[in-house]
Each structure stands twice: as structure tokens, then as C-alpha cells.
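Trainee: Contents are compact mmCIF, C-alpha atoms; file name input_34.txt:
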# COMPACT_ATOMS: atom_id res chain seq x y z
CA MET A 30 -16.59 64.53 50.28
CA SER A 31 -17.58 65.34 46.73
CA LEU A 32 -20.11 63.25 44.84
CA THR A 33 -18.51 63.92 41.42
CA PRO A 34 -17.12 60.34 41.10
CA TYR A 35 -20.67 58.95 41.27
CA ILE A 36 -21.77 61.24 38.43
CA VAL A 37 -18.70 60.32 36.38
CA LEU A 38 -19.39 56.62 36.93
CA SER A 39 -22.97 57.18 35.82
CA ALA A 40 -21.73 58.93 32.65
CA ILE A 41 -19.32 56.06 31.90
CA LEU A 42 -22.04 53.44 32.34
CA PHE A 43 -24.41 55.45 30.15
CA THR A 44 -21.77 55.69 27.41
CA ILE A 45 -21.06 51.96 27.54
CA GLY A 46 -24.78 51.28 27.29
CA SER A 47 -25.21 53.54 24.29
CA VAL A 48 -22.25 51.97 22.47
CA GLY A 49 -23.78 48.58 23.20
CA VAL A 50 -27.10 49.62 21.69
CA LEU A 51 -25.29 50.78 18.55
CA THR A 52 -23.00 47.78 18.08
CA ARG A 53 -24.72 44.65 19.37
CA ARG A 54 -27.02 42.71 17.02
CA ASN A 55 -28.90 40.42 19.36
CA ALA A 56 -32.13 42.23 20.23
CA ILE A 57 -32.07 40.95 23.82
CA VAL A 58 -28.52 42.22 24.40
CA VAL A 59 -29.53 45.57 22.88
CA PHE A 60 -32.33 45.61 25.43
CA MET A 61 -29.91 44.87 28.24
CA CYS A 62 -27.81 47.84 27.15
CA VAL A 63 -30.93 50.04 27.30
CA GLU A 64 -31.44 48.80 30.86
CA LEU A 65 -27.82 49.69 31.60
CA MET A 66 -28.45 53.25 30.40
CA LEU A 67 -31.58 53.53 32.54
CA ASN A 68 -29.62 52.28 35.55
CA ALA A 69 -26.87 54.82 34.89
CA SER A 70 -29.39 57.65 34.84
CA ASN A 71 -30.91 56.29 38.06
CA LEU A 72 -27.51 56.48 39.71
CA ALA A 73 -27.23 60.13 38.67
CA LEU A 74 -30.72 60.85 40.03
CA VAL A 75 -29.98 59.26 43.41
CA THR A 76 -26.62 61.03 43.60
CA PHE A 77 -28.21 64.42 42.97
CA ALA A 78 -30.89 63.62 45.55
CA LYS A 79 -28.14 63.26 48.13
CA GLN A 80 -26.35 66.34 46.79
CA HIS A 81 -29.40 68.54 47.28
CA GLY A 82 -30.76 66.78 50.33
CA ASN A 83 -34.27 66.12 49.10
CA LEU A 84 -36.09 62.98 48.07
CA ASP A 85 -37.42 64.01 44.65
CA GLY A 86 -34.44 62.46 42.90
CA GLN A 87 -34.99 59.13 44.63
CA LEU A 88 -38.65 59.23 43.69
CA ALA A 89 -37.75 59.97 40.06
CA ALA A 90 -35.43 56.95 40.11
CA PHE A 91 -38.30 54.90 41.48
CA PHE A 92 -40.55 56.01 38.61
CA VAL A 93 -37.81 55.19 36.12
CA MET A 94 -37.68 51.68 37.58
CA VAL A 95 -41.45 51.24 37.19
CA VAL A 96 -41.40 52.47 33.60
CA ALA A 97 -38.39 50.25 32.88
CA ALA A 98 -40.29 47.23 34.19
CA ALA A 99 -43.27 47.98 31.91
CA GLU A 100 -40.94 48.63 28.98
CA VAL A 101 -39.09 45.33 29.49
CA VAL A 102 -42.34 43.37 29.58
CA ILE A 103 -43.57 44.85 26.30
CA GLY A 104 -40.16 44.82 24.61
CA LEU A 105 -39.48 41.20 25.42
CA ALA A 106 -42.98 40.26 24.23
CA ILE A 107 -42.25 42.02 20.92
CA ILE A 108 -38.92 40.20 20.62
CA MET A 109 -40.76 36.93 21.26
CA THR A 110 -43.31 37.63 18.50
CA ILE A 111 -40.55 38.58 16.07
CA PHE A 112 -38.67 35.42 17.01
CA ARG A 113 -41.79 33.36 16.39
CA THR A 114 -42.28 34.64 12.86
CA ARG A 115 -38.64 35.04 11.77
CA ARG A 116 -36.89 32.38 13.91
CA SER A 117 -34.22 34.88 14.88
CA ALA A 118 -33.58 37.42 17.62
CA SER A 119 -31.16 39.45 15.54
CA VAL A 120 -32.10 43.05 14.84
CA ASP A 121 -30.76 42.69 11.28
CA ASP A 122 -33.39 40.13 10.35
CA ALA A 123 -36.36 42.38 11.11
CA SER A 124 -35.93 44.30 7.85
CA LEU A 125 -39.29 43.81 6.20
CA LEU A 126 -40.12 47.54 6.23
CA LYS A 127 -36.87 48.31 4.43
CA TYR A 128 -37.82 47.07 0.98
CA MET B 20 -16.47 56.14 49.49
CA THR B 21 -14.68 52.82 50.09
CA ALA B 22 -17.62 50.89 48.66
CA PHE B 23 -17.60 53.17 45.65
CA TRP B 24 -13.92 52.73 44.83
CA ILE B 25 -14.21 48.96 45.20
CA LEU B 26 -17.41 48.65 43.15
CA ALA B 27 -16.83 51.25 40.44
CA PRO B 28 -14.03 49.32 38.63
CA ILE B 29 -16.06 46.11 38.92
CA MET B 30 -19.12 47.82 37.44
CA VAL B 31 -17.21 49.39 34.57
CA ALA B 32 -15.47 46.08 33.80
CA ALA B 33 -18.78 44.18 33.87
CA ALA B 34 -20.48 46.82 31.70
CA LEU B 35 -17.60 46.63 29.19
CA GLY B 36 -17.97 42.86 29.28
CA ILE B 37 -21.57 43.21 28.05
CA LEU B 38 -20.15 44.81 24.91
CA PHE B 39 -17.67 42.03 24.23
CA VAL B 40 -19.14 38.69 25.33
CA ARG B 41 -20.55 36.58 22.53
CA LYS B 42 -23.30 34.82 24.45
CA ALA B 43 -26.42 36.65 25.62
CA VAL B 44 -26.56 34.65 28.87
CA HIS B 45 -23.11 35.91 29.84
CA ALA B 46 -24.26 39.45 29.09
CA ALA B 47 -27.24 38.92 31.41
CA MET B 48 -24.94 37.69 34.19
CA LEU B 49 -22.65 40.70 33.78
CA LEU B 50 -25.70 42.96 33.87
CA ALA B 51 -26.66 41.30 37.17
CA VAL B 52 -23.22 42.20 38.55
CA VAL B 53 -23.74 45.83 37.52
CA MET B 54 -27.23 45.96 39.03
CA VAL B 55 -26.30 44.42 42.39
CA SER B 56 -23.29 46.74 42.68
CA LEU B 57 -25.60 49.64 41.85
CA ALA B 58 -27.90 48.55 44.69
CA VAL B 59 -24.95 48.74 47.10
CA LEU B 60 -24.15 52.22 45.81
CA TYR B 61 -27.77 53.25 46.48
CA ALA B 62 -27.33 52.06 50.05
CA ALA B 63 -24.15 54.13 50.28
CA LEU B 64 -26.07 57.14 48.93
CA GLU B 65 -28.59 56.81 51.79
CA ALA B 66 -31.42 55.43 49.66
CA PRO B 67 -32.37 52.20 51.49
CA PHE B 68 -35.74 51.92 49.76
CA LEU B 69 -34.17 52.08 46.31
CA PHE B 70 -31.52 49.60 47.49
CA ALA B 71 -34.25 47.04 48.18
CA VAL B 72 -36.25 47.89 45.06
CA GLN B 73 -33.15 47.67 42.88
CA ILE B 74 -32.44 44.14 44.07
CA ILE B 75 -36.05 42.95 44.09
CA VAL B 76 -37.36 44.58 40.91
CA TYR B 77 -34.28 44.88 38.73
CA THR B 78 -32.14 41.91 39.65
CA GLY B 79 -35.01 39.75 40.77
CA ALA B 80 -37.78 40.43 38.28
CA ILE B 81 -36.44 42.17 35.18
CA LEU B 82 -33.27 40.14 34.87
CA MET B 83 -35.17 36.91 35.44
CA LEU B 84 -37.54 37.99 32.66
CA PHE B 85 -34.53 38.49 30.41
CA LEU B 86 -33.27 35.02 31.26
CA PHE B 87 -36.71 33.49 30.64
CA VAL B 88 -36.89 35.04 27.18
CA LEU B 89 -33.31 33.98 26.49
CA MET B 90 -34.23 30.40 27.29
CA LEU B 91 -37.32 30.64 25.04
CA VAL B 92 -35.47 32.25 22.16
CA GLY B 93 -32.54 29.87 22.41
CA VAL B 94 -29.51 30.15 24.65
CA ASP B 95 -26.99 29.55 21.88
CA ALA B 96 -28.21 32.49 19.80
CA SER B 97 -25.04 34.55 19.55
CA ASP B 98 -24.27 37.71 17.64
CA SER B 99 -23.31 37.68 14.00
CA LEU B 100 -20.18 39.63 13.22
CA ILE B 101 -21.25 40.61 9.71
CA GLU B 102 -21.83 44.32 9.37
CA THR B 103 -24.95 45.23 7.43
CA ILE B 104 -24.03 48.92 7.41
CA ARG B 105 -20.40 49.37 6.44
CA GLY B 106 -18.26 51.01 9.11
CA GLN B 107 -21.09 51.03 11.62
CA ARG B 108 -19.14 49.42 14.43
CA VAL B 109 -16.12 51.72 14.06
CA THR B 110 -18.35 54.79 13.85
CA ALA B 111 -20.32 53.68 16.90
CA ILE B 112 -17.15 53.15 18.94
CA VAL B 113 -15.69 56.51 17.87
CA LEU B 114 -18.94 58.31 18.68
CA GLY B 115 -19.16 56.46 21.99
CA LEU B 116 -15.63 57.48 22.93
CA LEU B 117 -16.46 61.07 21.99
CA LEU B 118 -19.62 61.05 24.09
CA GLY B 119 -17.87 59.39 27.01
CA SER B 120 -14.87 61.72 27.01
CA THR B 121 -17.08 64.78 26.66
CA LEU B 122 -19.27 63.70 29.57
CA VAL B 123 -16.40 62.62 31.82
CA VAL B 124 -14.24 65.70 31.16
CA GLY B 125 -17.20 68.04 31.46
CA LEU B 126 -18.54 66.47 34.63
CA SER B 127 -15.17 66.30 36.35
CA GLN B 128 -14.59 70.00 35.72
CA ILE B 129 -17.76 71.24 37.36
CA SER B 130 -17.92 71.53 41.12
CA LEU B 131 -21.13 70.34 42.69
CA GLY B 132 -20.74 72.38 45.85
CA THR B 133 -21.17 71.07 49.36
CA VAL B 134 -23.16 67.90 49.80
CA VAL B 135 -26.32 68.58 51.77
CA GLY B 136 -26.82 64.92 52.70
CA MET B 137 -29.99 63.04 53.46
CA GLU B 138 -30.06 63.38 57.26
CA GLU B 139 -32.77 66.01 57.22
CA ALA B 140 -34.77 64.52 54.32
CA ASN B 141 -34.62 61.04 55.82
CA ALA B 142 -35.44 62.31 59.31
CA GLY B 143 -38.74 60.42 59.62
CA GLY B 144 -37.37 57.35 57.88
CA ASN B 145 -36.58 57.03 54.18
CA VAL B 146 -39.61 54.93 53.25
CA GLU B 147 -42.04 57.10 55.21
CA GLU B 148 -40.72 60.33 53.69
CA LEU B 149 -40.82 58.82 50.17
CA ALA B 150 -44.41 57.73 50.77
CA ASN B 151 -45.30 61.23 51.97
CA ILE B 152 -44.08 62.77 48.71
CA LEU B 153 -45.36 59.95 46.50
CA PHE B 154 -48.93 60.17 47.77
CA SER B 155 -49.13 63.95 47.93
CA ARG B 156 -47.13 65.81 45.32
CA TYR B 157 -46.63 62.93 42.88
CA VAL B 158 -49.98 61.22 43.28
CA PHE B 159 -51.02 61.85 39.65
CA ALA B 160 -47.77 60.44 38.37
CA PHE B 161 -48.34 57.46 40.62
CA GLU B 162 -51.84 56.90 39.20
CA ALA B 163 -50.52 57.25 35.66
CA THR B 164 -47.93 54.61 36.53
CA SER B 165 -50.64 52.20 37.57
CA ALA B 166 -52.42 52.76 34.25
CA LEU B 167 -49.10 52.18 32.47
CA LEU B 168 -48.52 48.90 34.29
CA ILE B 169 -52.01 47.63 33.47
CA THR B 170 -51.52 48.59 29.82
CA ALA B 171 -48.16 46.82 29.80
CA ALA B 172 -49.66 43.66 31.27
CA MET B 173 -52.48 43.72 28.69
CA GLY B 174 -50.01 44.36 25.88
CA ALA B 175 -47.79 41.48 26.95
CA MET B 176 -50.78 39.15 27.03
CA VAL B 177 -51.97 40.27 23.59
CA LEU B 178 -48.48 39.97 22.09
CA ALA B 179 -47.69 36.61 23.64
CA HIS B 180 -51.07 35.10 22.83
CA ARG B 181 -51.17 32.65 19.96
CA GLU B 182 -54.33 31.35 18.33
CA ARG B 183 -54.61 27.58 18.16
CA LEU B 184 -54.59 26.68 14.48
CA ASN B 185 -55.29 22.96 14.75
CA THR B 186 -57.30 20.88 17.19
CA LYS B 187 -55.81 20.05 20.55
CA VAL B 188 -54.05 16.69 20.78
CA THR B 189 -55.75 14.62 23.47
CA GLN B 190 -54.75 11.36 25.08
CA SER B 191 -57.43 9.39 23.21
CA SER B 192 -56.42 10.81 19.83
CA LEU B 193 -52.77 9.96 20.60
CA ALA B 194 -53.75 6.37 21.44
CA ALA B 195 -55.83 6.10 18.26
CA GLN B 196 -52.90 7.44 16.22
CA ARG B 197 -50.56 4.86 17.79
CA MET B 198 -52.87 1.99 16.92
CA LYS B 199 -53.25 3.35 13.39
CA ASP B 200 -49.46 3.48 13.01
CA TYR B 201 -49.24 -0.11 14.24
CA ALA B 202 -51.85 -1.24 11.73
CA GLU B 203 -50.22 0.58 8.83
CA SER B 204 -46.49 0.33 9.37
CA GLY B 205 -46.12 -2.11 12.24
CA LYS B 206 -44.60 0.51 14.54
CA HIS B 207 -44.52 -0.79 18.09
CA PRO B 208 -47.42 0.90 19.96
CA GLY B 209 -46.00 0.48 23.45
CA PRO B 210 -43.20 2.39 25.15
CA LEU B 211 -39.62 1.91 24.07
CA PRO B 212 -37.59 -0.75 25.89
CA ALA B 213 -35.64 0.56 28.88
CA PRO B 214 -31.84 0.54 28.90
CA GLY B 215 -30.25 -2.66 30.14
CA VAL B 216 -29.93 -3.47 33.80
CA PHE B 217 -26.85 -5.45 34.73
CA ALA B 218 -25.05 -6.03 37.98
CA ARG B 219 -22.58 -3.26 37.26
CA HIS B 220 -24.29 -1.03 34.75
CA ASN B 221 -27.81 0.24 34.78
CA ALA B 222 -26.76 3.46 33.09
CA VAL B 223 -28.68 4.84 30.11
CA ASP B 224 -25.72 4.11 27.83
CA THR B 225 -26.06 0.35 28.38
CA PRO B 226 -28.38 -1.11 25.75
CA ALA B 227 -31.04 -3.66 26.54
CA LEU B 228 -30.23 -7.10 25.17
CA LEU B 229 -32.68 -8.84 22.88
CA PRO B 230 -33.36 -12.58 23.36
CA ASP B 231 -30.72 -13.43 20.74
CA GLY B 232 -28.05 -11.50 22.66
CA THR B 233 -27.84 -8.48 20.36
CA ALA B 234 -28.34 -4.96 21.64
CA SER B 235 -31.68 -3.27 21.03
CA PRO B 236 -31.07 0.10 19.37
CA ALA B 237 -34.48 1.38 20.49
CA SER B 238 -33.44 1.24 24.16
CA ILE B 239 -30.69 3.84 23.68
CA SER B 240 -31.05 7.53 23.11
CA ARG B 241 -30.33 8.46 19.50
CA VAL B 242 -27.96 11.16 20.71
CA LEU B 243 -25.77 8.64 22.50
CA ALA B 244 -25.77 6.39 19.44
CA ALA B 245 -24.72 9.30 17.21
CA ARG B 246 -21.90 10.21 19.60
CA GLY B 247 -20.78 6.59 19.65
CA THR B 248 -20.74 6.37 23.43
CA VAL B 249 -23.04 3.37 23.68
CA ARG B 250 -21.50 0.51 25.66
CA SER B 251 -21.50 -2.67 23.66
CA ALA B 252 -21.98 -6.14 25.12
CA PRO B 253 -18.36 -7.20 24.29
CA ALA B 254 -17.06 -4.11 26.05
CA LEU B 255 -19.08 -5.10 29.11
CA ALA B 256 -17.56 -8.56 29.01
CA GLU B 257 -14.10 -6.99 28.89
CA ASP B 258 -15.03 -4.91 31.89
CA PHE B 259 -15.92 -8.03 33.80
CA ASP B 260 -12.63 -9.66 32.77
CA HIS B 261 -10.77 -6.58 33.99
CA MET B 262 -12.63 -6.71 37.26
CA ALA B 263 -11.92 -10.39 37.66
CA ARG B 264 -8.19 -9.75 37.08
CA GLN B 265 -8.25 -7.06 39.73
CA LEU B 266 -9.83 -9.50 42.15
CA GLY B 267 -7.15 -12.06 41.31
CA VAL B 268 -9.46 -14.53 39.66
CA ASN B 269 -8.30 -15.91 36.32
CA PRO B 270 -11.18 -15.22 33.93
CA THR B 271 -10.21 -18.02 31.53
CA GLU B 272 -10.46 -20.72 34.17
CA GLY B 273 -12.93 -21.05 36.99
CA PRO B 274 -15.56 -23.00 35.07
CA GLU B 275 -17.45 -23.58 38.30
CA VAL B 276 -18.22 -19.86 38.27
CA ALA B 277 -18.50 -18.96 34.62
CA GLY B 278 -19.80 -22.22 33.35
CA LYS B 279 -23.34 -22.19 34.64
CA THR B 280 -25.02 -19.75 32.33
CA GLY B 281 -23.41 -17.06 30.27
CA ALA B 282 -25.67 -14.29 31.40
CA THR B 283 -25.58 -14.73 35.16
CA ALA B 284 -21.91 -15.68 35.38
CA SER B 285 -20.69 -12.12 35.33
CA SER B 286 -22.76 -11.05 38.29
CA GLU B 287 -21.63 -14.06 40.26
CA GLU B 288 -18.04 -13.31 39.43
CA GLU B 289 -18.41 -9.97 41.11
CA GLN B 290 -19.77 -11.49 44.24
CA ALA B 291 -16.88 -13.91 44.32
If you convert what's in this file into C-alpha cells, what do you get?

Mentor:
Amino acid sequence: MSLTPYIVLSAILFTIGSVGVLTRRNAIVVFMCVELMLNASNLALVTFAKQHGNLDGQLAAFFVMVVAAAEVVIGLAIIMTIFRTRRSASVDDASLLKY
Amino acid sequence: MTAFWILAPIMVAAALGILFVRKAVHAAMLLAVVMVSLAVLYAALEAPFLFAVQIIVYTGAILMLFLFVLMLVGVDASDSLIETIRGQRVTAIVLGLLLGSTLVVGLSQISLGTVVGMEEANAGGNVEELANILFSRYVFAFEATSALLITAAMGAMVLAHRERLNTKVTQSSLAAQRMKDYAESGKHPGPLPAPGVFARHNAVDTPALLPDGTASPASISRVLAARGTVRSAPALAEDFDHMARQLGVNPTEGPEVAGKTGATASSEEEQA
């Protein structure tokens, strides 16, 4: 039994997540796509842990989850503050630094 | 591999759905599908601890946080389709397809060798073995993580905190304001009249009747009035007539029932 399909699935999910980050405008959906990419990399880590028969990959996935949790908390708080001042969650509206 | 071949198409379809759905809540639900399926795949890959953590932390905590913020920001906030950078969407899709095909073709051509499996690594139990590594080799990373989590909690509090710009509205100030409004403009200081209560209808769309028989607009939600779904008193009377016809009573005659008082007649008709 080869584990290649798991890695391919992880690559597909990562690609979909990255396309979502590039195309979607709602900041929260962009964030969800980032989460999708993190999950895809987690799947690759866990798959390689099984491939090599040691637990370091699973532990790395665990650390990714912890960092993702911290990142979501801060990111959503930033989106909330932007929404409070600009009344919009669209990434296009936060363009004050542009001009 | 059965679980994989069942779940992989579902996951890819749900992930693609995130790209195409208009509403952010639907995207969150599709993300939940992906995450729960991923948890099952972790179980299939002999990672029971990550299976539980994936469901509890990702689906339970992070996704709920997303939904909370969605509710705060406004559920109906959907994407605009106007491109601020010309050709951005097409370029992104082309680049995404390139990245995806490169990764998939490249990864499917390599051979990973024989799978070692987790039997030996999980010999003393998955959680116990993970704890052994976590608190020996990775203990500094673990401590750094705790510092990160504290910083994140502090940051969230600082970012979400809002200074109060005006004085807090208390019950006594509200009461004083109400009496002031009454003195100045004659606005009724008490609560609004409740919707009408009749024998058949005590719904919120039935207006309360004023002493002169007209409906009181203050007893009805403004939304219902704007939609035009408020039941009028004549419509109620027609309802009673319809009911009486169904019961086989002629509504035009029967003065011994309807003749007493106009208001109570309808309820008595129903009992009849």
C-alpha cells in the first residue's frame, strides 16, 4: 500500500487554498483558505510520519495546529478592528496605505 | 484505503466549493466538511491523538470562532465581483492550475518506498509516545508555544478592546430621558401596546384594537407593517364568517348569537 494518494490529496487541497487566497475578496474567506492550506500541510506531515514510522511528523502537525489557533485569534481580531473602522470585511477596502 | 477513496472526492469537492460559494457562512460549512474528513484520514493514518485534536481544536474551536466573527461582521456580507487589479482572477486561476499540476504530476512520479507504519512508534500508545517526545526533545518548542498562546490571547484582548467614549446608559438615566421625551413631545413613556388577543388569533400580526375599533399601529412590528402582512379587523371578521360557513351556521342570520355585542359575538360563534 503506497501513501502517494494522501500526498497528492494534500497537494490538491493546498493548491485550492492558495487559489482561494488569491481570488476571494472577503477577508474571512481568505482566512479560511489559509486554514485549508495549513490543514493540507498537516495531512502531508501525518502521512510522512506513517511513511517513516516515527512520531515527529505528528508532533509537527500538532504544533502547526497550535500556531494556527493563535493565528486565527489574532487575525480575526484584526478583521474585527478593520470592520469597526471601515464597516467592511473586504480586503479591497483596506487600502489606506496605498495612496 | 477505503476511507480515503470515499473521503478524498468529498474533500476536494468541498474545498472547491469554498472557492465558488458567494456566502461566507457556506464557505465555513464546507471548511467544516473538509476538516472532519481530514480527522477521519488522521485516524486512518494511525494518529488517534491528532484525530481528536483535529475535531476538538479545528472543527470545534477555530471554526466556531470563524462563525462568531461572521455573525459579528454580518452574515450577508458577500464577495464583490469587481476586480480591482485587472486580470487578477484569471492570472490566479492559471497560476493555481500550474502549481497544482506541477505538484500532482511531480508527486505521483516519485516513489515513496515501503511504508514503515506506526506499529513500532505507537507501541506504548500513541498519546504516551507523543508525550514522551513532546516533553523531552521538543520541550523548548512546547514552551515557546505557550508564550505564543499567551501573546495571542493578550493581542486579541488589546485588539478587541474598545474605549468607552460616552457615559454608560443606566436605568435611571433611561427613565429620566423617557419622562423628558414625554414632557417635550408627548411620546408615550410606557411600553408599547401588545398585539391583539382574540379567540382565534393572538399572533403578533394581529393589531390591538383601540377603543374606537381602529387598529393601533404601535402594537405591530414596523417590519410587518412594511411587508403588508398585518391582519386587519375586517379580514378577521371575514375569517369568522368563513369559519361559521364551515360549521354550517349562516353568518347573516342567527341574531341570538351575533346580536349581543359586536366584539364578543365572534368568540361565541366559534363555541357554537

Trainee: For the interface of chain B with chain A (cut-off 7 Å, counting only C-alpha atoms), please tabulate each contacting residue of chain B alongside its nearest pair of atoms and their separation in Å to one decimal, rows sorted by chain and increasing number, as CSV.

Mentor:
residue,atom,partner,partner_atom,distance
B:Ala27,CA,A:Leu38,CA,6.9
B:Val31,CA,A:Leu42,CA,6.7
B:Ala34,CA,A:Ile45,CA,6.6
B:Leu35,CA,A:Ile45,CA,6.6
B:Leu38,CA,A:Gly49,CA,5.5
B:Ala43,CA,A:Val58,CA,6.1
B:Ala46,CA,A:Val58,CA,6.9
B:Leu64,CA,A:Lys79,CA,6.5
B:Leu69,CA,A:Phe91,CA,7.0
B:Ile81,CA,A:Ala98,CA,6.4
B:Val88,CA,A:Leu105,CA,6.9
B:Val92,CA,A:Phe112,CA,6.8
B:Asp98,CA,A:Asn55,CA,5.6
B:Ser99,CA,A:Arg54,CA,6.9
B:Arg108,CA,A:Thr52,CA,5.6
B:Ala111,CA,A:Leu51,CA,6.0
B:Ile112,CA,A:Val48,CA,6.3
B:Gly115,CA,A:Val48,CA,5.5
B:Leu118,CA,A:Thr44,CA,6.7
B:Gly119,CA,A:Thr44,CA,5.4
B:Leu122,CA,A:Ala40,CA,6.2
B:Val123,CA,A:Val37,CA,5.6
B:Leu126,CA,A:Val37,CA,6.4
B:Ser127,CA,A:Thr33,CA,6.5
B:Val134,CA,A:Gln80,CA,4.7
B:Val135,CA,A:Gly82,CA,5.0
B:Gly136,CA,A:Gly82,CA,5.0
B:Met137,CA,A:Gly82,CA,4.9
B:Ala140,CA,A:Asn83,CA,5.5
B:Leu149,CA,A:Leu84,CA,6.6
B:Leu168,CA,A:Ala99,CA,5.8
B:Ala171,CA,A:Ala99,CA,5.5
B:Gly174,CA,A:Ile103,CA,6.5
B:Ala175,CA,A:Ile103,CA,5.4
B:Leu178,CA,A:Ala106,CA,5.9
B:Ala179,CA,A:Ala106,CA,6.0

Trainee: Hey, can you check how far CA of Leu26 (chain B) sits from CA of Val52 (chain B)?

Mentor: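 It comes out at 9.8 Å.
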
Trainee: Show which residues sit within 12 Å of His207 (chain B), as a list of chain:residue names. Count only C-alpha atoms, and ignore same-chain residues fewer than 6 positions away.

Mentor: B:Gln196, B:Arg197, B:Met198, B:Lys199, B:Asp200, B:Tyr201, B:Ala237

Trainee: As an exercise, work out the distance from CA of Ala202 (chain B) to CA of Pro236 (chain B) in Å and give it to one decimal place.

Mentor: 22.2 Å

Trainee: So the first atom is CA of Ala234 (chain B) and the second is CA of Leu255 (chain B); what is the distance between them in Å, to one decimal place?

Mentor: 11.9 Å

Trainee: In terms of the shortest atom-to-atom distance over all atoms listed in the file, which of B:Glu139, B:Val242, B:Leu153, B:Lys42 is closest to Gly86 (chain A)?

Mentor: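 Of B:Glu139, B:Val242, B:Leu153, B:Lys42, the one nearest Gly86 (chain A), counting all atoms listed in the file, is B:Leu153.
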
Trainee: Can I get C-alpha atoms for region 62-122 of chain A, as an mmCIF file, in the first residue's frame?

Mentor:
data_model
loop_
_atom_site.group_PDB
_atom_site.id
_atom_site.type_symbol
_atom_site.label_atom_id
_atom_site.label_comp_id
_atom_site.auth_asym_id
_atom_site.auth_seq_id
_atom_site.Cartn_x
_atom_site.Cartn_y
_atom_site.Cartn_z
ATOM 1 C CA CYS A 62 -8.418 29.354 2.657
ATOM 2 C CA VAL A 63 -5.245 29.897 4.716
ATOM 3 C CA GLU A 64 -6.617 27.372 7.205
ATOM 4 C CA LEU A 65 -7.234 24.980 4.323
ATOM 5 C CA MET A 66 -3.586 25.288 3.284
ATOM 6 C CA LEU A 67 -2.417 24.649 6.850
ATOM 7 C CA ASN A 68 -4.649 21.579 7.019
ATOM 8 C CA ALA A 69 -3.262 20.307 3.726
ATOM 9 C CA SER A 70 0.286 20.597 5.014
ATOM 10 C CA ASN A 71 -0.782 18.822 8.214
ATOM 11 C CA LEU A 72 -2.070 15.927 6.137
ATOM 12 C CA ALA A 73 1.309 15.689 4.399
ATOM 13 C CA LEU A 74 3.105 15.753 7.759
ATOM 14 C CA VAL A 75 0.968 12.968 9.222
ATOM 15 C CA THR A 76 1.322 10.911 6.044
ATOM 16 C CA PHE A 77 5.102 11.171 6.127
ATOM 17 C CA ALA A 78 5.063 10.264 9.822
ATOM 18 C CA LYS A 79 3.402 6.997 8.887
ATOM 19 C CA GLN A 80 5.726 6.554 5.909
ATOM 20 C CA HIS A 81 8.825 6.779 8.075
ATOM 21 C CA GLY A 82 7.355 5.189 11.163
ATOM 22 C CA ASN A 83 8.207 7.895 13.666
ATOM 23 C CA LEU A 84 6.119 10.418 15.543
ATOM 24 C CA ASP A 85 7.972 13.640 14.698
ATOM 25 C CA GLY A 86 5.634 14.357 11.803
ATOM 26 C CA GLN A 87 2.569 14.018 14.010
ATOM 27 C CA LEU A 88 4.143 16.319 16.564
ATOM 28 C CA ALA A 89 4.919 18.883 13.853
ATOM 29 C CA ALA A 90 1.272 18.727 12.778
ATOM 30 C CA PHE A 91 0.293 19.306 16.393
ATOM 31 C CA PHE A 92 2.498 22.407 16.566
ATOM 32 C CA VAL A 93 1.012 23.659 13.301
ATOM 33 C CA MET A 94 -2.438 23.329 14.868
ATOM 34 C CA VAL A 95 -1.387 25.348 17.925
ATOM 35 C CA VAL A 96 0.152 28.094 15.801
ATOM 36 C CA ALA A 97 -2.929 28.091 13.560
ATOM 37 C CA ALA A 98 -5.151 28.588 16.605
ATOM 38 C CA ALA A 99 -3.077 31.581 17.767
ATOM 39 C CA GLU A 100 -3.001 32.978 14.231
ATOM 40 C CA VAL A 101 -6.788 32.694 13.851
ATOM 41 C CA VAL A 102 -7.389 34.511 17.124
ATOM 42 C CA ILE A 103 -5.180 37.447 16.148
ATOM 43 C CA GLY A 104 -6.275 37.504 12.511
ATOM 44 C CA LEU A 105 -9.957 37.541 13.326
ATOM 45 C CA ALA A 106 -9.371 40.281 15.918
ATOM 46 C CA ILE A 107 -7.630 42.355 13.219
ATOM 47 C CA ILE A 108 -10.522 41.741 10.812
ATOM 48 C CA MET A 109 -12.914 42.866 13.546
ATOM 49 C CA THR A 110 -10.986 46.114 14.131
ATOM 50 C CA ILE A 111 -10.858 46.812 10.393
ATOM 51 C CA PHE A 112 -14.576 46.104 10.156
ATOM 52 C CA ARG A 113 -15.237 48.509 13.016
ATOM 53 C CA THR A 114 -13.450 51.412 11.355
ATOM 54 C CA ARG A 115 -14.317 50.738 7.695
ATOM 55 C CA ARG A 116 -17.671 48.907 8.011
ATOM 56 C CA SER A 117 -16.484 46.260 5.574
ATOM 57 C CA ALA A 118 -14.709 42.909 5.684
ATOM 58 C CA SER A 119 -13.495 43.145 2.106
ATOM 59 C CA VAL A 120 -9.750 43.132 1.557
ATOM 60 C CA ASP A 121 -10.162 45.758 -1.182
ATOM 61 C CA ASP A 122 -11.428 48.366 1.252
#
